[in-house]
Amino acid sequence: MPRKFAESFTYALRGVRFSFRSQRNLSIHLISGTAAVLLGIIFRISFIETAILVIVIGAVIVLELLNTAMEEIVNLLTLSRKMRAMVAKDVAAGAVLVACSGALVVGCLIFLPRIANLLLKGII
């Protein structure tokens with residue numbers, strides 16, 4: 001049992017590595033998420049705000065991984081351009097866009113008041 005458990009981690013990490021190497025947007029999401037976490041540390045955001053931030057960052061990354069899987073499945077099943085294949089890819093990409101938009105709103109709600117406060121104090 002432990003061997004199969006370890007193998008499943010190996011396969012999962014291989015999938016993340018493939019996505020990271022082949023999907024430019026995943027790199028952008030990881031950099032943005034890291035920047036948001038660092039801002040959270042700098043601004044000393046609350047535990048709840050940190051939890052919300054981690055959840056939305058995780059959701060964006062998970063959806064990007066699922067989008068990659070969807071694209072690969074569609075590419076495997078269709079050799080020519082088909083309307084339904086295009087729709088499937090576009091809907092999956094749309095899910096990532098919606099999650100990113102939500103994460104951006106969450107980031108603005110958390111960080112903009114703090115940044116505005118620093119601007120008002122003349123620190124920035």
# chains A, B, ... in the order shown; residues from 1 in each chain; ligands from 1
call {"tool": "residues_around", "arguments": {"residues": "Thr34 in chain A", "least_positions_apart": "3", "cutoff": "12 Å", "atoms": "only C-alpha atoms", "output": "tab-separated table (two decimals) with N, CA and C atoms, in the first residue's frame"}}
result
chain	number	residue	atom	x	y	z
A	27	SER	N	2.37	29.57	-14.74
A	27	SER	CA	3.50	30.31	-14.16
A	27	SER	C	3.05	31.68	-13.67
A	28	ILE	N	2.22	32.34	-14.48
A	28	ILE	CA	1.71	33.66	-14.10
A	28	ILE	C	0.88	33.56	-12.82
A	29	HIS	N	0.04	32.53	-12.73
A	29	HIS	CA	-0.80	32.35	-11.54
A	29	HIS	C	0.06	32.07	-10.31
A	30	LEU	N	1.10	31.25	-10.47
A	30	LEU	CA	1.97	30.94	-9.33
A	30	LEU	C	2.74	32.17	-8.86
A	31	ILE	N	3.23	32.96	-9.81
A	31	ILE	CA	3.95	34.19	-9.44
A	31	ILE	C	3.00	35.17	-8.76
A	37	VAL	N	0.74	36.31	-1.39
A	37	VAL	CA	1.10	35.77	-0.06
A	37	VAL	C	2.17	36.65	0.58
A	38	LEU	N	3.15	37.07	-0.19
A	38	LEU	CA	4.19	37.96	0.35
A	38	LEU	C	3.60	39.29	0.80
A	39	LEU	N	2.68	39.84	0.01
A	39	LEU	CA	1.99	41.06	0.43
A	39	LEU	C	1.22	40.83	1.73
A	40	GLY	N	0.61	39.66	1.83
A	40	GLY	CA	-0.10	39.33	3.06
A	40	GLY	C	0.80	39.31	4.28
A	41	ILE	N	2.01	38.80	4.08
A	41	ILE	CA	2.99	38.80	5.18
A	41	ILE	C	3.43	40.22	5.50
A	53	LEU	N	-7.38	34.12	0.99
A	53	LEU	CA	-6.38	34.30	-0.06
A	53	LEU	C	-5.84	32.96	-0.55
A	54	VAL	N	-5.51	32.08	0.38
A	54	VAL	CA	-4.99	30.76	0.02
A	54	VAL	C	-6.04	29.96	-0.75
A	57	ILE	N	-6.34	31.43	-4.34
A	57	ILE	CA	-5.12	31.10	-5.11
A	57	ILE	C	-5.16	29.62	-5.49
A	58	GLY	N	-5.49	28.78	-4.53
A	58	GLY	CA	-5.60	27.34	-4.81
A	58	GLY	C	-6.64	27.03	-5.86
A	61	ILE	N	-5.28	27.88	-9.34
A	61	ILE	CA	-4.27	26.91	-9.78
A	61	ILE	C	-4.92	25.57	-10.12
call {"tool": "atom_distance", "arguments": {"atom1": "CA of Glu64 in chain A", "atom2": "CA of Gly107 in chain A"}}
result
18.4 Å
call {"tool": "atom_distance", "arguments": {"atom1": "CA of Cys108 in chain A", "atom2": "CA of Ile123 in chain A"}}
result
19.3 Å
call {"tool": "closest_residue", "arguments": {"among": "A:Pro113, A:Gly102, A:Gly94, A:Gly15", "to": "Phe43 in chain A", "atoms": "only C-alpha atoms"}}
result
A:Pro113
call {"tool": "atom_distance", "arguments": {"atom1": "CA of Cys100 in chain A", "atom2": "CA of Arg81 in chain A"}}
result
27.4 Å
call {"tool": "residues_around", "arguments": {"residues": "Leu26 in chain A", "least_positions_apart": "4", "cutoff": "10 Å", "atoms": "only C-alpha atoms", "output": "list in words"}}
result
Val16, Ser19, Phe20, Arg21, Ser22, Leu30, Ile31, Ser32, Val60, Ile61, Val62, Leu63, Glu64, Leu65 and Thr68 of chain A
call {"tool": "closest_residue", "arguments": {"among": "A:Ser101, A:Arg3, A:Ile115, A:Phe9", "to": "Ala59 in chain A", "atoms": "only C-alpha atoms"}}
result
A:Ser101
call {"tool": "closest_residue", "arguments": {"among": "A:Ala116, A:Ile52, A:Ile45, A:Met83", "to": "Ala103 in chain A", "atoms": "only C-alpha atoms"}}
result
A:Ile52
call {"tool": "closest_residue", "arguments": {"among": "A:Ala12, A:Val56, A:Ala35, A:Leu76", "to": "Leu104 in chain A", "atoms": "only C-alpha atoms"}}
result
A:Val56
call {"tool": "residues_around", "arguments": {"residues": "Glu72 in chain A", "least_positions_apart": "2", "cutoff": "12 Å", "atoms": "only C-alpha atoms", "output": "list in words"}}
result
Gly15, Phe18, Ser19, Ser22, Gln23, Leu65, Leu66, Asn67, Thr68, Ala69, Met70, Val74, Asn75, Leu76, Leu77, Thr78, Leu79, Ala85, Ala88, Lys89 and Ala92 of chain A
call {"tool": "write_last_selection", "arguments": {"atoms": "C-alpha atoms", "output": "PDB file, in the first residue's frame"}}
result
ATOM      1  CA  GLY A  15       1.254  16.286 -13.939  1.00  0.00           C
ATOM      2  CA  PHE A  18       4.043  19.073 -17.140  1.00  0.00           C
ATOM      3  CA  SER A  19       1.491  21.832 -16.646  1.00  0.00           C
ATOM      4  CA  SER A  22       3.709  23.738 -20.917  1.00  0.00           C
ATOM      5  CA  GLN A  23       1.273  26.369 -19.618  1.00  0.00           C
ATOM      6  CA  LEU A  65      -4.560  22.337 -14.016  1.00  0.00           C
ATOM      7  CA  LEU A  66      -8.045  21.075 -14.938  1.00  0.00           C
ATOM      8  CA  ASN A  67      -8.047  23.363 -17.972  1.00  0.00           C
ATOM      9  CA  THR A  68      -4.753  21.829 -19.067  1.00  0.00           C
ATOM     10  CA  ALA A  69      -6.172  18.328 -18.615  1.00  0.00           C
ATOM     11  CA  MET A  70      -9.282  19.271 -20.602  1.00  0.00           C
ATOM     12  CA  VAL A  74      -9.691  17.328 -26.410  1.00  0.00           C
ATOM     13  CA  ASN A  75      -6.434  17.338 -28.393  1.00  0.00           C
ATOM     14  CA  LEU A  76      -6.203  13.562 -27.978  1.00  0.00           C
ATOM     15  CA  LEU A  77      -9.760  12.960 -29.169  1.00  0.00           C
ATOM     16  CA  THR A  78      -9.917  15.423 -32.053  1.00  0.00           C
ATOM     17  CA  LEU A  79      -7.409  15.632 -34.852  1.00  0.00           C
ATOM     18  CA  ALA A  85     -13.858  20.770 -29.153  1.00  0.00           C
ATOM     19  CA  ALA A  88     -15.021  22.644 -24.508  1.00  0.00           C
ATOM     20  CA  LYS A  89     -11.626  24.343 -24.460  1.00  0.00           C
ATOM     21  CA  ALA A  92     -12.603  25.442 -19.466  1.00  0.00           C
TER      22      ALA A  92
END
